[in-house]
$ cat run-v5.txt   # compact mmCIF, C-alpha atoms and all ligand atoms
# COMPACT_ATOMS: atom_id res chain seq x y z
CA MET M 1 6.77 13.13 14.17
CA THR M 2 5.24 10.21 12.30
CA ASN M 3 3.93 12.61 9.61
CA GLU M 4 7.50 13.26 8.49
CA TRP M 5 8.41 9.62 8.02
CA GLN M 6 8.46 7.95 4.63
CA ALA M 7 5.89 5.23 3.96
CA GLU M 8 8.39 2.39 4.47
CA THR M 9 9.32 3.79 7.87
CA LEU M 10 5.67 4.20 8.85
CA ALA M 11 5.07 0.55 7.92
CA VAL M 12 7.78 -0.58 10.31
CA ARG M 13 7.41 1.99 13.10
CA ALA M 14 4.02 3.76 13.14
CA GLY M 15 1.42 2.75 15.69
CA SER M 16 3.76 0.73 17.90
CA GLU M 17 3.34 1.03 21.68
CA HIS M 18 5.43 -0.74 24.26
CA THR M 19 4.73 -2.09 27.73
CA ALA M 20 6.94 -1.72 30.81
CA PHE M 21 8.71 -4.96 29.78
CA GLY M 22 10.40 -3.07 26.92
CA GLU M 23 9.61 -5.63 24.21
CA ASN M 24 10.73 -4.61 20.71
CA SER M 25 8.14 -6.73 18.87
CA GLU M 26 4.61 -5.55 19.66
CA ALA M 27 2.79 -7.53 22.36
CA MET M 28 -0.23 -9.69 21.66
CA PHE M 29 -2.92 -8.93 24.24
CA LEU M 30 -4.96 -12.13 24.41
CA THR M 31 -7.52 -10.96 26.92
CA SER M 32 -11.25 -10.51 26.57
CA SER M 33 -11.62 -7.90 29.30
CA PHE M 34 -9.53 -5.36 31.22
CA VAL M 35 -9.34 -4.92 35.00
CA PHE M 36 -10.09 -1.61 36.76
CA GLU M 37 -8.36 -0.32 39.88
CA ASN M 38 -11.65 0.37 41.61
CA ALA M 39 -15.37 0.88 41.04
CA ALA M 40 -14.97 4.59 40.33
CA GLN M 41 -12.48 3.88 37.52
CA ALA M 42 -14.83 1.28 36.03
CA ALA M 43 -17.61 3.88 36.04
CA ALA M 44 -15.35 6.52 34.46
CA ARG M 45 -14.25 4.10 31.70
CA PHE M 46 -17.83 3.08 30.91
CA GLY M 47 -18.98 6.69 31.07
CA GLY M 48 -16.26 7.77 28.65
CA GLN M 49 -14.73 10.31 31.08
CA GLU M 50 -11.53 8.26 31.24
CA PRO M 51 -9.98 6.79 28.10
CA GLY M 52 -8.84 3.17 28.29
CA ASN M 53 -9.69 -0.39 27.45
CA ILE M 54 -12.83 -2.10 28.77
CA TYR M 55 -13.53 -5.17 26.68
CA SER M 56 -11.91 -6.50 23.51
CA ARG M 57 -15.07 -6.18 21.43
CA PHE M 58 -14.69 -2.41 22.03
CA THR M 59 -10.92 -1.96 21.93
CA ASN M 60 -7.81 -4.11 22.35
CA PRO M 61 -4.27 -2.69 22.45
CA THR M 62 -2.90 -5.03 19.76
CA VAL M 63 -5.84 -4.22 17.47
CA THR M 64 -5.36 -0.49 18.19
CA MET M 65 -1.69 -0.71 17.17
CA PHE M 66 -2.72 -2.36 13.90
CA GLN M 67 -5.38 0.29 13.27
CA ASN M 68 -2.93 3.13 13.92
CA LYS M 69 -0.27 1.64 11.67
CA LEU M 70 -2.69 1.10 8.76
CA ALA M 71 -4.19 4.60 9.26
CA ALA M 72 -0.69 6.10 9.02
CA LEU M 73 -0.07 4.19 5.78
CA GLU M 74 -3.38 5.19 4.15
CA GLY M 75 -3.12 8.78 5.43
CA ALA M 76 -6.44 8.33 7.26
CA GLU M 77 -7.70 10.14 10.38
CA SER M 78 -9.35 6.96 11.62
CA CYS M 79 -9.29 3.19 11.14
CA VAL M 80 -11.46 0.41 12.52
CA ALA M 81 -10.39 -3.22 12.18
CA THR M 82 -12.88 -5.99 11.42
CA SER M 83 -13.03 -9.78 11.50
CA SER M 84 -12.84 -10.08 7.67
CA GLY M 85 -12.95 -8.01 4.51
CA MET M 86 -16.66 -8.71 4.15
CA ALA M 87 -17.24 -7.50 7.73
CA ALA M 88 -15.44 -4.28 6.75
CA ILE M 89 -17.78 -3.73 3.78
CA LEU M 90 -20.83 -4.55 5.92
CA ALA M 91 -19.69 -2.21 8.72
CA ALA M 92 -19.01 0.65 6.28
CA VAL M 93 -22.49 0.30 4.79
CA MET M 94 -24.15 -0.04 8.21
CA GLY M 95 -22.37 3.10 9.35
CA VAL M 96 -23.19 5.23 6.32
CA CYS M 97 -26.59 3.95 5.11
CA SER M 98 -30.06 3.21 6.49
CA ALA M 99 -33.07 1.32 5.15
CA GLY M 100 -34.53 3.26 2.23
CA ASP M 101 -31.14 4.53 1.08
CA HIS M 102 -29.48 3.75 -2.23
CA VAL M 103 -25.98 2.64 -3.23
CA VAL M 104 -24.29 2.74 -6.64
CA ALA M 105 -21.70 -0.01 -7.00
CA SER M 106 -19.40 -1.12 -9.76
CA ARG M 107 -20.47 -4.31 -11.52
CA SER M 108 -16.84 -5.46 -11.34
CA ILE M 109 -16.56 -6.08 -7.60
CA PHE M 110 -15.69 -9.16 -5.55
CA GLY M 111 -18.42 -11.80 -6.08
CA THR M 112 -19.37 -11.94 -2.40
CA SER M 113 -19.72 -8.14 -2.36
CA VAL M 114 -22.24 -8.46 -5.21
CA GLN M 115 -24.21 -10.97 -3.09
CA LEU M 116 -24.05 -8.69 -0.04
CA PHE M 117 -25.40 -5.63 -1.89
CA GLY M 118 -27.65 -7.43 -4.37
CA ASN M 119 -29.30 -9.95 -2.03
CA ILE M 120 -28.72 -9.51 1.69
CA LEU M 121 -28.75 -5.73 2.10
CA LYS M 122 -31.62 -5.54 -0.42
CA ARG M 123 -33.76 -7.62 1.99
CA TRP M 124 -33.15 -4.92 4.62
CA GLY M 125 -34.30 -2.11 2.37
CA LEU M 126 -31.02 -0.92 0.85
CA GLU M 127 -31.20 -0.73 -2.95
CA THR M 128 -28.08 -1.02 -5.10
CA THR M 129 -27.65 -0.08 -8.76
CA PHE M 130 -24.73 -1.80 -10.48
CA VAL M 131 -22.91 0.19 -13.18
CA SER M 132 -19.77 0.00 -15.31
CA LEU M 133 -16.55 0.66 -13.38
CA THR M 134 -15.08 2.66 -16.24
CA ASP M 135 -18.04 4.77 -17.49
CA PRO M 136 -18.53 7.96 -15.38
CA ASP M 137 -21.79 8.76 -17.22
CA GLU M 138 -23.39 5.58 -15.86
CA TRP M 139 -22.49 6.66 -12.30
CA LYS M 140 -23.98 10.12 -12.87
CA ALA M 141 -27.17 8.68 -14.34
CA ALA M 142 -27.63 6.21 -11.45
CA ILE M 143 -27.68 8.89 -8.72
CA GLN M 144 -31.03 9.24 -6.90
CA PRO M 145 -32.10 11.69 -4.16
CA ASN M 146 -31.53 8.88 -1.60
CA THR M 147 -28.07 7.80 -2.89
CA LYS M 148 -25.57 7.74 -0.03
CA LEU M 149 -22.62 5.69 -1.25
CA PHE M 150 -20.53 4.87 -4.34
CA PHE M 151 -18.63 1.57 -4.02
CA VAL M 152 -15.72 0.50 -6.26
CA GLU M 153 -12.71 -1.77 -6.46
CA THR M 154 -9.78 -0.72 -8.60
CA PRO M 155 -8.11 -2.56 -10.25
CA SER M 156 -11.03 -4.94 -10.57
CA ASN M 157 -11.06 -8.71 -10.23
CA PRO M 158 -10.32 -10.63 -12.46
CA LEU M 159 -10.06 -8.31 -15.51
CA THR M 160 -7.95 -5.60 -13.82
CA GLU M 161 -10.09 -2.70 -15.10
CA VAL M 162 -9.13 0.62 -13.54
CA CYS M 163 -11.44 3.46 -12.54
CA ASP M 164 -10.51 7.14 -12.36
CA ILE M 165 -10.76 7.72 -8.59
CA PRO M 166 -10.55 11.57 -8.67
CA ALA M 167 -13.19 11.77 -11.43
CA LEU M 168 -15.57 9.47 -9.55
CA ALA M 169 -14.98 11.37 -6.29
CA THR M 170 -15.99 14.62 -8.02
CA ILE M 171 -19.22 13.08 -9.33
CA ALA M 172 -19.98 11.67 -5.86
CA HIS M 173 -19.25 14.87 -3.97
CA GLU M 174 -21.31 17.06 -6.32
CA ALA M 175 -24.29 14.88 -5.32
CA GLY M 176 -23.41 14.76 -1.61
CA VAL M 177 -22.47 11.09 -1.91
CA LEU M 178 -19.50 9.32 -0.24
CA LEU M 179 -17.02 7.32 -2.35
CA ALA M 180 -15.75 4.04 -0.88
CA VAL M 181 -12.80 2.25 -2.52
CA ASP M 182 -11.91 -1.38 -1.77
CA ASN M 183 -8.10 -1.03 -1.90
CA CYS M 184 -7.38 -4.71 -1.36
CA PHE M 185 -5.52 -5.30 -4.66
CA CYS M 186 -3.12 -2.36 -4.36
CA THR M 187 -2.75 -1.74 -0.62
CA PRO M 188 -1.45 1.70 0.45
CA ALA M 189 1.99 0.66 -0.81
CA LEU M 190 0.74 1.10 -4.40
CA GLN M 191 -2.37 3.33 -4.17
CA LYS M 192 -3.79 5.79 -1.66
CA PRO M 193 -7.46 6.40 -2.52
CA LEU M 194 -8.06 8.98 0.27
CA ALA M 195 -5.37 11.25 -1.22
CA LEU M 196 -7.11 10.84 -4.61
CA GLY M 197 -10.45 12.06 -3.22
CA ALA M 198 -12.17 8.95 -1.84
CA ASP M 199 -13.94 9.21 1.52
CA ILE M 200 -13.67 5.61 2.70
CA VAL M 201 -11.05 2.92 2.12
CA ILE M 202 -11.89 -0.72 2.69
CA HIS M 203 -9.47 -3.62 3.07
CA SER M 204 -9.54 -7.33 3.19
CA ALA M 205 -6.43 -7.69 5.37
CA THR M 206 -6.65 -11.39 4.54
CA LYS M 207 -4.80 -10.66 1.30
CA TYR M 208 -1.61 -8.56 0.97
CA ILE M 209 -1.70 -7.06 4.47
CA ASP M 210 -1.22 -10.54 5.89
CA GLY M 211 0.82 -11.50 2.83
CA GLN M 212 1.22 -15.15 3.72
CA GLY M 213 -2.32 -16.51 3.62
CA ARG M 214 -2.81 -17.11 7.35
CA CYS M 215 -5.58 -14.99 8.89
CA LEU M 216 -8.88 -13.35 7.97
CA GLY M 217 -9.36 -9.67 8.74
CA GLY M 218 -10.41 -6.33 7.36
CA ALA M 219 -10.45 -2.60 7.97
CA VAL M 220 -12.40 0.57 7.22
CA LEU M 221 -10.57 3.90 7.03
CA GLY M 222 -11.55 7.54 6.59
CA LYS M 223 -12.35 10.76 8.43
CA LYS M 224 -13.28 10.58 12.13
CA ASP M 225 -16.89 11.69 11.63
CA VAL M 226 -17.46 9.14 8.84
CA LEU M 227 -15.88 6.33 10.88
CA GLU M 228 -17.71 7.02 14.15
CA PRO M 229 -20.98 5.25 13.23
CA VAL M 230 -18.95 2.46 11.56
CA TYR M 231 -17.18 1.85 14.87
CA GLY M 232 -20.53 2.13 16.69
CA PHE M 233 -21.90 -0.68 14.53
CA LEU M 234 -18.82 -2.86 15.11
CA ARG M 235 -18.61 -2.59 18.89
CA THR M 236 -22.33 -3.31 19.15
CA ALA M 237 -22.80 -5.97 16.47
CA GLY M 238 -19.45 -7.64 17.12
CA PRO M 239 -17.49 -8.48 13.92
CA THR M 240 -14.30 -7.00 15.37
CA MET M 241 -10.74 -8.20 14.75
CA SER M 242 -9.15 -10.68 17.14
CA ALA M 243 -5.92 -9.71 18.92
CA PHE M 244 -4.11 -12.70 17.42
CA ASN M 245 -5.04 -11.74 13.85
CA ALA M 246 -4.17 -8.08 14.51
CA TRP M 247 -0.72 -9.17 15.68
CA VAL M 248 -0.17 -11.21 12.49
CA PHE M 249 -1.26 -8.22 10.36
CA LEU M 250 1.01 -5.84 12.33
CA LYS M 251 3.94 -8.08 11.42
CA GLY M 252 2.66 -8.32 7.82
CA LEU M 253 2.53 -4.53 7.41
CA GLU M 254 6.20 -4.17 8.37
CA THR M 255 7.22 -5.88 5.11
CA LEU M 256 4.35 -4.56 2.94
CA HIS M 257 6.39 -2.26 0.69
CA VAL M 258 9.17 -4.71 -0.14
CA ARG M 259 6.61 -7.46 -0.74
CA MET M 260 4.35 -5.36 -2.99
CA GLU M 261 7.30 -4.21 -5.09
CA ALA M 262 8.52 -7.80 -5.48
CA HIS M 263 4.99 -9.03 -6.30
CA ALA M 264 4.55 -6.28 -8.90
CA ARG M 265 7.97 -6.86 -10.46
CA ASN M 266 7.24 -10.58 -10.84
CA ALA M 267 3.73 -9.83 -12.17
CA LEU M 268 5.00 -7.43 -14.86
CA GLU M 269 7.63 -9.87 -16.05
CA LEU M 270 5.14 -12.75 -16.12
CA ALA M 271 2.57 -10.59 -17.96
CA GLN M 272 5.15 -9.62 -20.60
CA TRP M 273 6.10 -13.27 -21.03
CA LEU M 274 2.45 -14.33 -21.31
CA GLU M 275 1.85 -11.77 -24.07
CA ALA M 276 4.54 -13.48 -26.15
CA GLN M 277 3.23 -17.06 -25.79
CA SER M 278 1.41 -18.74 -28.67
CA GLY M 279 -1.21 -20.29 -26.38
CA VAL M 280 -2.37 -16.92 -25.03
CA ALA M 281 -5.02 -14.81 -26.81
CA ARG M 282 -5.00 -11.76 -24.53
CA VAL M 283 -3.38 -10.57 -21.29
CA TYR M 284 -5.03 -8.26 -18.73
CA TYR M 285 -2.53 -6.38 -16.58
CA PRO M 286 -2.52 -2.61 -15.87
CA GLY M 287 1.27 -2.46 -16.04
CA LEU M 288 1.30 -3.47 -19.74
CA PRO M 289 1.11 -0.69 -22.38
CA SER M 290 -1.53 -2.86 -24.14
CA HIS M 291 -3.93 -2.40 -21.17
CA PRO M 292 -6.69 0.04 -22.23
CA GLN M 293 -6.21 2.14 -19.07
CA HIS M 294 -2.45 1.78 -18.72
CA GLN M 295 -1.90 5.58 -18.54
CA LEU M 296 -4.56 6.10 -15.89
CA ALA M 297 -3.34 3.14 -13.84
CA MET M 298 0.25 4.41 -13.87
CA LYS M 299 -0.98 7.85 -12.79
CA GLN M 300 -2.90 6.72 -9.72
CA GLN M 301 -1.04 3.59 -8.66
CA LYS M 302 2.62 2.73 -8.26
CA TYR M 303 3.22 -0.39 -10.44
CA GLY M 304 0.50 -2.55 -11.96
CA GLY M 305 -0.21 -4.73 -8.93
CA ALA M 306 0.14 -8.49 -8.75
CA ILE M 307 -2.99 -9.87 -10.41
CA VAL M 308 -2.50 -11.04 -13.99
CA SER M 309 -5.36 -12.52 -16.00
CA PHE M 310 -5.25 -13.93 -19.52
CA ASP M 311 -7.42 -15.66 -22.13
CA VAL M 312 -5.97 -18.95 -23.29
CA LYS M 313 -6.73 -20.21 -26.79
CA GLY M 314 -9.09 -23.18 -26.61
CA GLY M 315 -11.63 -22.10 -23.98
CA GLN M 316 -12.41 -23.92 -20.74
CA GLU M 317 -10.77 -27.18 -21.81
CA ALA M 318 -7.45 -25.47 -22.47
CA ALA M 319 -7.72 -23.37 -19.31
CA TRP M 320 -8.33 -26.44 -17.13
CA ARG M 321 -5.53 -28.34 -18.88
CA LEU M 322 -3.13 -25.49 -18.08
CA ILE M 323 -4.26 -25.31 -14.44
CA ASP M 324 -3.99 -29.08 -14.00
CA ALA M 325 -0.49 -29.11 -15.51
CA THR M 326 0.91 -26.74 -12.86
CA LYS M 327 3.13 -28.33 -10.21
CA LEU M 328 4.22 -25.20 -8.34
CA ILE M 329 1.37 -22.67 -8.48
CA SER M 330 -1.43 -23.39 -5.98
CA ILE M 331 -4.88 -24.11 -7.41
CA THR M 332 -6.89 -21.90 -5.06
CA ALA M 333 -9.00 -18.76 -5.33
CA ASN M 334 -7.15 -16.83 -2.62
CA LEU M 335 -4.74 -14.02 -3.49
CA GLY M 336 -2.20 -11.84 -1.75
CA ASP M 337 -0.08 -14.78 -0.64
CA ALA M 338 3.66 -15.29 -1.09
CA LYS M 339 2.58 -18.45 -2.91
CA SER M 340 1.33 -17.82 -6.46
CA THR M 341 -2.25 -18.98 -7.01
CA ILE M 342 -4.15 -19.91 -10.19
CA THR M 343 -7.93 -19.81 -10.75
CA HIS M 344 -10.47 -20.37 -13.50
CA PRO M 345 -12.95 -17.56 -12.66
CA ALA M 346 -15.84 -18.79 -14.88
CA THR M 347 -16.18 -22.06 -12.93
CA THR M 348 -15.15 -20.84 -9.44
CA THR M 349 -15.33 -17.24 -8.20
CA HIS M 350 -17.81 -16.22 -10.89
CA SER M 351 -19.72 -19.50 -11.31
CA ARG M 352 -22.82 -18.07 -9.62
CA VAL M 353 -23.01 -15.30 -12.20
CA THR M 354 -25.30 -16.22 -15.13
CA PRO M 355 -23.46 -17.16 -18.37
CA GLU M 356 -24.96 -14.07 -20.09
CA ALA M 357 -23.80 -11.71 -17.32
CA ARG M 358 -20.40 -13.38 -17.38
CA VAL M 359 -20.01 -12.81 -21.11
CA ALA M 360 -21.24 -9.21 -20.69
CA SER M 361 -18.58 -8.57 -18.06
CA GLY M 362 -15.88 -10.11 -20.27
CA ILE M 363 -15.16 -13.20 -18.17
CA GLY M 364 -14.76 -15.81 -20.88
CA ASP M 365 -14.43 -19.59 -20.55
CA GLY M 366 -10.74 -19.37 -21.43
CA LEU M 367 -9.91 -16.77 -18.77
CA VAL M 368 -7.28 -17.72 -16.19
CA ARG M 369 -6.26 -15.53 -13.23
CA ILE M 370 -2.90 -15.72 -11.52
CA ALA M 371 -2.17 -13.90 -8.26
CA VAL M 372 1.57 -13.66 -8.73
CA GLY M 373 3.53 -14.59 -5.60
CA LEU M 374 7.12 -14.25 -4.54
CA GLU M 375 8.66 -17.35 -6.16
CA HIS M 376 11.32 -16.76 -8.85
CA VAL M 377 9.52 -15.71 -12.01
CA ASP M 378 11.46 -18.21 -14.16
CA ASP M 379 9.95 -21.05 -12.11
CA LEU M 380 6.46 -19.60 -12.66
CA LYS M 381 7.08 -19.45 -16.42
CA ALA M 382 8.30 -23.06 -16.38
CA ASP M 383 5.12 -24.08 -14.54
CA LEU M 384 3.07 -22.54 -17.40
CA ALA M 385 5.15 -24.14 -20.18
CA LEU M 386 2.01 -25.54 -21.84
CA LEU M 387 1.36 -22.03 -23.19
CA ARG M 388 4.57 -21.92 -25.25
C1 LIG M 401 -11.18 -11.22 -0.54
C2 LIG M 401 -11.78 -9.92 -0.86
C3 LIG M 401 -12.81 -9.38 -0.06
C4 LIG M 401 -13.38 -10.13 1.11
O1 LIG M 401 -12.45 -10.29 2.12
P1 LIG M 401 -12.52 -11.48 3.21
O2 LIG M 401 -11.39 -11.15 4.10
O3 LIG M 401 -12.38 -12.77 2.46
O4 LIG M 401 -13.85 -11.37 3.87
C5 LIG M 401 -13.30 -8.14 -0.40
N1 LIG M 401 -12.83 -7.45 -1.46
C6 LIG M 401 -11.84 -7.95 -2.25
C7 LIG M 401 -11.36 -7.15 -3.41
C8 LIG M 401 -11.30 -9.19 -1.99
O5 LIG M 401 -10.34 -9.68 -2.79
$ encode --input "run-v5.txt" --output "structure tokens"
Amino acid sequence: MTNEWQAETLAVRAGSEHTAFGENSEAMFLTSSFVFENAAQAAARFGGQEPGNIYSRFTNPTVTMFQNKLAALEGAESCVATSSGMAAILAAVMGVCSAGDHVVASRSIFGTSVQLFGNILKRWGLETTFVSLTDPDEWKAAIQPNTKLFFVETPSNPLTEVCDIPALATIAHEAGVLLAVDNCFCTPALQKPLALGADIVIHSATKYIDGQGRCLGGAVLGKKDVLEPVYGFLRTAGPTMSAFNAWVFLKGLETLHVRMEAHARNALELAQWLEAQSGVARVYYPGLPSHPQHQLAMKQQKYGGAIVSFDVKGGQEAAWRLIDATKLISITANLGDAKSTITHPATTTHSRVTPEARVASGIGDGLVRIAVGLEHVDDLKADLALLR
């Protein structure tokens, strides 16, 4: 039945289960363990002969409802929820790769993901080659006999570059490699990577799935056989999602589509306004015709998303002056919140990147990133009046 529902209906209705009390809002099961009727049932649950909950590190009904709802939205066979977005990336890699394997990752990924692949996983014998998000030839050339995984984010942070998911999936599959897409910026409301050929979707639920900046969480989605070892890692190693956070995300998903449309509408209008301001040198937003991959972005995602970056004239000094002049927009690096946020990537999220690497990746000293929230766009423009 759920397969016939539209996405908006799935967001509100899919995955919900109800107890004998008949509650309409999903219950939050704050319990670490589950009680058995007798010793034989305990044995059958542990032995896997009888399905059911045992312990909340393994499964929890509230977390299961969240997983089923998100799986319905992404069109995935399977979903496992994690304690954060980083835990989701770690679990995906632990499930798919072993020591001695090789990963090819886009250079334009979340800074902490670069640290995870480039430093931590490297110490455990997993090598990663970083390549350009937008150049398929670099991906082809980086493949080795031991390559197991391609890892991308699209659109990228903070420059909103877009990669051709179907083209990259073809390159990966010809080499027997899995393609993982971090779909945090678009969410399934705007982009469905599995339908475009990706094998794994990763989320930081902390962002738009929550939508109001409250809880940390994440998820890995894909086919059952790909997800089985990912789940095996999670239930054993422990970075699973808490019932409380799952309940917050369940509520967040119900409004995902209306929120993402409103975010994207605000972002497009702000991006158009920014392009016309004398203090702005360049705007990066996939929804603008001036974006180098505008056509591709509009083909594989609905709307341009809600992240708008721009170069101000006058470098770091002008960028900081603009940020410090805001009274409404929050000065914080988080995104995916109803509250708009403003960041100077060169001195915050990307400050650990060497100045040379920063210049090479196009993150200049005058670059400012805004995660456009749900305030009225005229108030956001007024808050950025220094650019006029
Ligand atoms: C925030 C973020 C992450 C990490 O998620 P956490 O929930 O903070 O661990 C991963 N990928 C992207 C694109 C992000 O924006």
$ atom_distance --input "run-v5.txt" --atom1 "atom C1 of ligand LIG 401 (chain M)" --atom2 "CA of Thr82 in chain M"
13.2 Å
$ axis_aligned_box --input "run-v5.txt" --around "ligand LIG 401 (chain M)" --padding-each-side "4 Å" --output "lines of an AutoDock Vina configuration file"
center_x = -12.1
center_y = -10.0
center_z = 0.3
size_x = 11.5
size_y = 13.6
size_z = 15.5
$ atom_distance --input "run-v5.txt" --atom1 "CA of Leu178 in chain M" --atom2 "CA of Leu149 in chain M"
4.9 Å
$ residues_near_ligand --input "run-v5.txt" --ligand "ligand LIG 401 (chain M)" --cutoff "8 Å" --atoms "only C-alpha atoms and all ligand atoms" --output "list in words"
Ser83, Ser84, Gly85, Met86, Ala87, Ala88, Ile89, Ile109, Phe110, Thr112, Ser113, Glu153, Ser156, Asn157, Asp182, Asn183, Cys184, Phe185, Ile202, His203, Ser204, Ala205, Thr206, Lys207, Leu216, Gly217, Gly218, Asn334 and Leu335 of chain M
$ residues_near_point --input "run-v5.txt" --point "(-25.0, -1.7, -0.1)" --cutoff "12 Å" --atoms "only C-alpha atoms" --output "ChimeraX atom specification"
/M:86,89-106,112-130,147-152,180
$ residues_around --input "run-v5.txt" --residues "Val80 in chain M" --least-positions-apart "2" --cutoff "12 Å" --atoms "all atoms listed in the file" --output "PyMOL selection string"
chain M and resi 57-60+63-71+76-78+82-85+87-89+91-92+95+200-203+205+217-224+226-235+239-241+246
$ closest_residue --input "run-v5.txt" --among "M:Ala175, M:Ala14, M:Met260, M:Ile165" --to "Ala297 in chain M" --atoms "all atoms listed in the file"
M:Ile165
$ build_atoms --input "run-v5.txt" --residues "range 119-139 of chain M" --atoms "N, CA and C atoms" --output "PDB file, in the frame of the given file"
ATOM      1  N   ASN M 119     -28.329  -9.071  -2.685  1.00  0.00           N
ATOM      2  CA  ASN M 119     -29.300  -9.950  -2.030  1.00  0.00           C
ATOM      3  C   ASN M 119     -29.551  -9.581  -0.571  1.00  0.00           C
ATOM      4  N   ILE M 120     -28.508  -9.625   0.239  1.00  0.00           N
ATOM      5  CA  ILE M 120     -28.720  -9.510   1.690  1.00  0.00           C
ATOM      6  C   ILE M 120     -29.162  -8.109   2.091  1.00  0.00           C
ATOM      7  N   LEU M 121     -28.396  -7.094   1.695  1.00  0.00           N
ATOM      8  CA  LEU M 121     -28.750  -5.730   2.100  1.00  0.00           C
ATOM      9  C   LEU M 121     -30.064  -5.294   1.444  1.00  0.00           C
ATOM     10  N   LYS M 122     -30.346  -5.846   0.272  1.00  0.00           N
ATOM     11  CA  LYS M 122     -31.620  -5.540  -0.420  1.00  0.00           C
ATOM     12  C   LYS M 122     -32.813  -5.974   0.443  1.00  0.00           C
ATOM     13  N   ARG M 123     -32.670  -7.135   1.120  1.00  0.00           N
ATOM     14  CA  ARG M 123     -33.760  -7.620   1.990  1.00  0.00           C
ATOM     15  C   ARG M 123     -34.014  -6.678   3.155  1.00  0.00           C
ATOM     16  N   TRP M 124     -33.011  -5.861   3.501  1.00  0.00           N
ATOM     17  CA  TRP M 124     -33.150  -4.920   4.620  1.00  0.00           C
ATOM     18  C   TRP M 124     -33.447  -3.507   4.135  1.00  0.00           C
ATOM     19  N   GLY M 125     -33.805  -3.401   2.855  1.00  0.00           N
ATOM     20  CA  GLY M 125     -34.300  -2.110   2.370  1.00  0.00           C
ATOM     21  C   GLY M 125     -33.242  -1.189   1.809  1.00  0.00           C
ATOM     22  N   LEU M 126     -32.049  -1.731   1.493  1.00  0.00           N
ATOM     23  CA  LEU M 126     -31.020  -0.920   0.850  1.00  0.00           C
ATOM     24  C   LEU M 126     -30.940  -1.350  -0.611  1.00  0.00           C
ATOM     25  N   GLU M 127     -31.227  -0.421  -1.521  1.00  0.00           N
ATOM     26  CA  GLU M 127     -31.200  -0.730  -2.950  1.00  0.00           C
ATOM     27  C   GLU M 127     -29.827  -0.418  -3.527  1.00  0.00           C
ATOM     28  N   THR M 128     -29.358  -1.274  -4.436  1.00  0.00           N
ATOM     29  CA  THR M 128     -28.080  -1.020  -5.100  1.00  0.00           C
ATOM     30  C   THR M 128     -28.251  -1.061  -6.611  1.00  0.00           C
ATOM     31  N   THR M 129     -27.710  -0.069  -7.299  1.00  0.00           N
ATOM     32  CA  THR M 129     -27.650  -0.080  -8.760  1.00  0.00           C
ATOM     33  C   THR M 129     -26.220  -0.399  -9.157  1.00  0.00           C
ATOM     34  N   PHE M 130     -26.064  -1.413 -10.023  1.00  0.00           N
ATOM     35  CA  PHE M 130     -24.730  -1.800 -10.480  1.00  0.00           C
ATOM     36  C   PHE M 130     -24.443  -1.155 -11.831  1.00  0.00           C
ATOM     37  N   VAL M 131     -23.274  -0.512 -11.945  1.00  0.00           N
ATOM     38  CA  VAL M 131     -22.910   0.190 -13.180  1.00  0.00           C
ATOM     39  C   VAL M 131     -21.492  -0.195 -13.605  1.00  0.00           C
ATOM     40  N   SER M 132     -21.108   0.298 -14.782  1.00  0.00           N
ATOM     41  CA  SER M 132     -19.770   0.000 -15.310  1.00  0.00           C
ATOM     42  C   SER M 132     -18.707   0.752 -14.522  1.00  0.00           C
ATOM     43  N   LEU M 133     -17.646   0.047 -14.159  1.00  0.00           N
ATOM     44  CA  LEU M 133     -16.550   0.660 -13.380  1.00  0.00           C
ATOM     45  C   LEU M 133     -15.933   1.833 -14.128  1.00  0.00           C
ATOM     46  N   THR M 134     -15.890   1.723 -15.461  1.00  0.00           N
ATOM     47  CA  THR M 134     -15.080   2.660 -16.240  1.00  0.00           C
ATOM     48  C   THR M 134     -15.885   3.752 -16.957  1.00  0.00           C
ATOM     49  N   ASP M 135     -17.220   3.784 -16.771  1.00  0.00           N
ATOM     50  CA  ASP M 135     -18.040   4.770 -17.490  1.00  0.00           C
ATOM     51  C   ASP M 135     -18.667   5.785 -16.517  1.00  0.00           C
ATOM     52  N   PRO M 136     -18.038   6.963 -16.349  1.00  0.00           N
ATOM     53  CA  PRO M 136     -18.530   7.960 -15.380  1.00  0.00           C
ATOM     54  C   PRO M 136     -19.988   8.367 -15.633  1.00  0.00           C
ATOM     55  N   ASP M 137     -20.412   8.354 -16.913  1.00  0.00           N
ATOM     56  CA  ASP M 137     -21.790   8.760 -17.220  1.00  0.00           C
ATOM     57  C   ASP M 137     -22.806   7.823 -16.575  1.00  0.00           C
ATOM     58  N   GLU M 138     -22.474   6.533 -16.508  1.00  0.00           N
ATOM     59  CA  GLU M 138     -23.390   5.580 -15.860  1.00  0.00           C
ATOM     60  C   GLU M 138     -23.542   5.887 -14.374  1.00  0.00           C
ATOM     61  N   TRP M 139     -22.448   6.323 -13.742  1.00  0.00           N
ATOM     62  CA  TRP M 139     -22.490   6.660 -12.300  1.00  0.00           C
ATOM     63  C   TRP M 139     -23.385   7.877 -12.102  1.00  0.00           C
TER      64      TRP M 139
END
